[in-house]
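Engineer: Mind having a look at this structure? Questions to follow.
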Amino acid sequence: MAQLVAEQLSEHGPSGGHGHAQDPEHAQNPYLAHHFDTPRHQFEAGKLGIWIFLITEILFFGGLFCAYAIYRSLHPEVFIYAHYYLDTFWGAVNTGVLILSSLTAAWAVRNAQLGQRQMLIFNIVATVILACCFLCVKYVEYSHKFHERTLPGRYFNPEHEVWELPSYQKAHAHAAGHTAAALESHGEAAAPQAEPVPPGTPPALGGAEVKQAPPGAPVRPRNVGVFFSIYFCMTGLHGIHVVAGIITWLWILRKTLRGEFGPSNFGAVDYAALYWHLVDLIWIYLFPLLYLIH
Amino acid sequence: MTSPSATADVLAPPAESESDNYLTHDKGILSWLLTLDHKRIGVMYLMCVMGAFLLGGVFALLIRTELLTPGRTIVEHDTYNQLFTLHGAVMVFLVIIPGIPAALGNFVLPLQLGAKDVAFPRLNLASWYLWMIGASFLVVSLVTNAADTGWTFYTPYSTTTTTSVIPALFGAFILGFSSIFTGLNFITTMHKLRPPGMTWFRMPLFLWALYSTAVIQVLATPVLAITLLMLIVERFIGIGIFDPALGGDPVLFQHFFWFYSHPAVYIMIVPAFGVVSEIIAVFSRKRIFGYKFIALSSVAIAILGFLVWGHHMFVSGQSVLAGTIFSGITFLIAIPTAIKVFNWITTMYKGRIHLDTPMLYALFFLWVFSIGGLTGIFLGVMSLDVHLHDTYFVVAHFHYVMMGGAVTAFFGGLHYWWPKMFGRMYDEKWGRTACGLLFVGLNLTFFPQFILGTRGMPRRYYNYLVEFQPLHQLSSMGAYLMGISFVIVAVYLLRSLRKGEPAPANPWGSNTLEWRTVSPPPYYNFHDTPEVVEGPYEYADWVYDKRIRGYVRKASDAS
């Protein structure tokens, strides 16, 4: 496929004809900027540019991944304890949604290269819809966390203890007595003391009365909020990138409807898809790192 | 001998050059604000950077005035803290980082390369607008309740102070993206827009320097961006990532910050190396010595610069092992830097040195940068750093490097390319005078600070012991002298725009491509794309022509 595209683009090799914008190549292609020789030349420059941009994006998220690594190594018990509050089902659904949207994005590039306008429109719209699905699921998850008050930092004040959660009960159903040992081996129960109620925090709404923990239930480690700080920072920044992706795809759609794309001008679709794959890829790392901790 | 035909070969017909250049191609303010021309964007950057330099300079003079006496001189201590914070933030983020790459680089890069523009002209304009937006946020912080954290924004103070830190952080965040996009544009341009014959090792050293700088900009700045973003969130809602009471770690902020900000030091100084390489070769009339070594030492500095951030944190409680490693790599950086300095000196050896203003700035750079660089090695020694940390010794060191290195080279480059940018010659006599005054002023300002530092004067202090007063006053006198010199520079440069003599295409006899086109260049840079058949530092073919007060190319073997 890459070879085919290369052939399509290289009809006019880099001739070095650095004349002004009046040469035939520029006259017949309104999308070829004056400082490039051929469409291929322009495409390759754009491709290099988007790859460099993706590198900056990786480093941008890299800071957060680094913070994640440091805090997970400093407070492993917090991460194991807190991940029960995340809903693996919805996380998995979102992973599927994003992978599917990467497929439609890649397909859209192919459609643009071959000049298949209808399919291009279809795939762009599909990508946007899938991206919106992702955000809807994210909205469900976030609002659940706001209700449960599993919030970052000092705002962490959960409605339910971890042993009340279905995800915890499911993981520890087979042997209640086994739980303590399992937690011990993970270093969870090794946390020295229970979370003192930070001064100035309002008493938990609803279940304000102290619940009786069943025997073997894990003690809540200190600073569980730091997990949710990391969680909201990482997924929030990722969510912003999804929104940026939707805006980009809508812009691409507008250009498509104007009939701008075809075999000699498909760069923008390709670059948008590369960006979209990166957004997808970052989620593929976030999902196990946040949801699938054991 | 110069034949008329050879003259015509390099100079376009004068009628055309006067009627159409990039300055006169379009008229009206919108033709500037919406321009995609790299030359105009470079000029817009230049004006804005100079405005910011004035602002930062006024802050500096206020700081030095306050320090004339112990205790209160003109402002209260809180205001003093805000002054040094804004001085640092403005000078670093608004002046030195964009100074050479975005202002001079934007103008020069495509011309030196032989291209018609940078790879992404619209992105280039967007970078300028991002710069403007970032700068406005810094101004918002200034006029509301200016941040008083120091330009380093260290936690936990930056998350607890009542001043408006968030606008300043957000400004720096946006300026970071401006810098990233400039770097991205430059890398792509150098990879994809080299004309036939322009191989990597025929590129002028300024381009190698810009390339290395761009790599650092692209790789380091995103980390600053995410750090500032986390700090904003931390300050805004208190999520505790940098707060030990909530399980966070304030020292992590220092690691993140210096992971960017040490490479950022090379974003500031590596382009300066490039400018100095150009100037020294041209004004010594001799091929640069050790071209490949200078080119690759920029790359080496760019790579090593990522591995030394811990030397800012020797007293932060990091382990002795980590400190030792950081200290060792810090010493390694002295090697590529020294390679450059020795090569410049060797280039001058047996050259025919012309002491025009740009060359004076380059020599100025060699002196003060060497002092700044060598005192950096003192600070890289862990045992000594524990004593000198956070004293005026550090202040003197980085002002010798940033002011004496980056700003001096910026002014050298400005004087070197001024005739090309605006088509006018400035007054050479005043140029040399101002450069001399600056040299005296800079040393008078910062040398006493080395002594102050070794005697225990801490940096950023409002008050001090009476015994430090003579040295502080010397330093302030030097600052005033520098202020006067910069006013002189501003006056004769602006005057040259109206009254300066028209500049020839090649006033200095340089062999890089930007001097093959008329001054100022036409909208499309070159009437005909130059073909590159030799390296950028071959001066044998260029001879001085008294009539046009510039150099013309001898009729070469063809005629």
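Letters A, B, ... mark the chains of the structure tokens in the order given; residue numbers begin at 1 per chain; ligand numbers begin at 1, in order shown.
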Looking only at alpha helix (DSSP H) from DSSP on the backbone, list the matching residues of region 402-459 of chain B as a ChimeraX atom specification.
Structural biologist: /B:408-422,428-454
Engineer: Give as an MDAnalysis selection string every residue of chain B that touches chain A within 8 Å, counting only C-alpha atoms.
Structural biologist: chainID B and resid 115:117 119 180 184:185 188:189 192:193 195:196 218:220 222:223 225:227 230 238:241 246:248 256 524 528:529
Engineer: From the list A:Leu165, A:Ala244, A:Leu281, A:Ala171, which residue is nearest Ile293 (chain A) when using only C-alpha atoms?
Structural biologist: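 Ranking A:Leu165, A:Ala244, A:Leu281, A:Ala171 by distance to Ile293 (chain A), first place goes to A:Ala171.
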Engineer: Per residue of region 127-245 of chain B within 10 Å of region 280-292 of chain B, record the nearest atom pair and its distance in Å to one decimal, counting only C-alpha atoms, with rows in chain order and ascending residue number, as CSV.
Structural biologist:
residue,atom,partner,partner_atom,distance
B:Phe201,CA,B:Lys292,CA,7.4
B:Arg202,CA,B:Tyr291,CA,9.5
B:Pro204,CA,B:Tyr291,CA,9.1
B:Leu205,CA,B:Tyr291,CA,7.6
B:Trp208,CA,B:Lys292,CA,10.0
Engineer: Let me see the file: selected residues, N, CA and C atoms, as a CSV table (one decimal), in the first residue's frame.
Structural biologist:
chain,number,residue,atom,x,y,z
B,201,PHE,N,26.7,18.5,5.8
B,201,PHE,CA,28.0,19.1,6.2
B,201,PHE,C,28.4,20.2,5.3
B,202,ARG,N,27.4,20.7,4.5
B,202,ARG,CA,27.6,22.0,3.9
B,202,ARG,C,26.8,23.1,4.6
B,204,PRO,N,25.7,25.9,7.2
B,204,PRO,CA,26.4,26.7,8.1
B,204,PRO,C,26.2,26.3,9.5
B,205,LEU,N,27.2,26.6,10.4
B,205,LEU,CA,27.2,26.1,11.8
B,205,LEU,C,26.0,26.7,12.5
B,208,TRP,N,23.4,24.2,12.2
B,208,TRP,CA,23.6,23.0,13.1
B,208,TRP,C,23.2,23.4,14.5
Engineer: Give the answer as one residue: which of B:Gly380, B:Gly483, B:Pro448, B:Pro502 has the shortest atom-to-atom distance to Asp427 (chain B), using only C-alpha atoms?
Structural biologist: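 Answer, going by the shortest atom-to-atom distance: B:Pro502.
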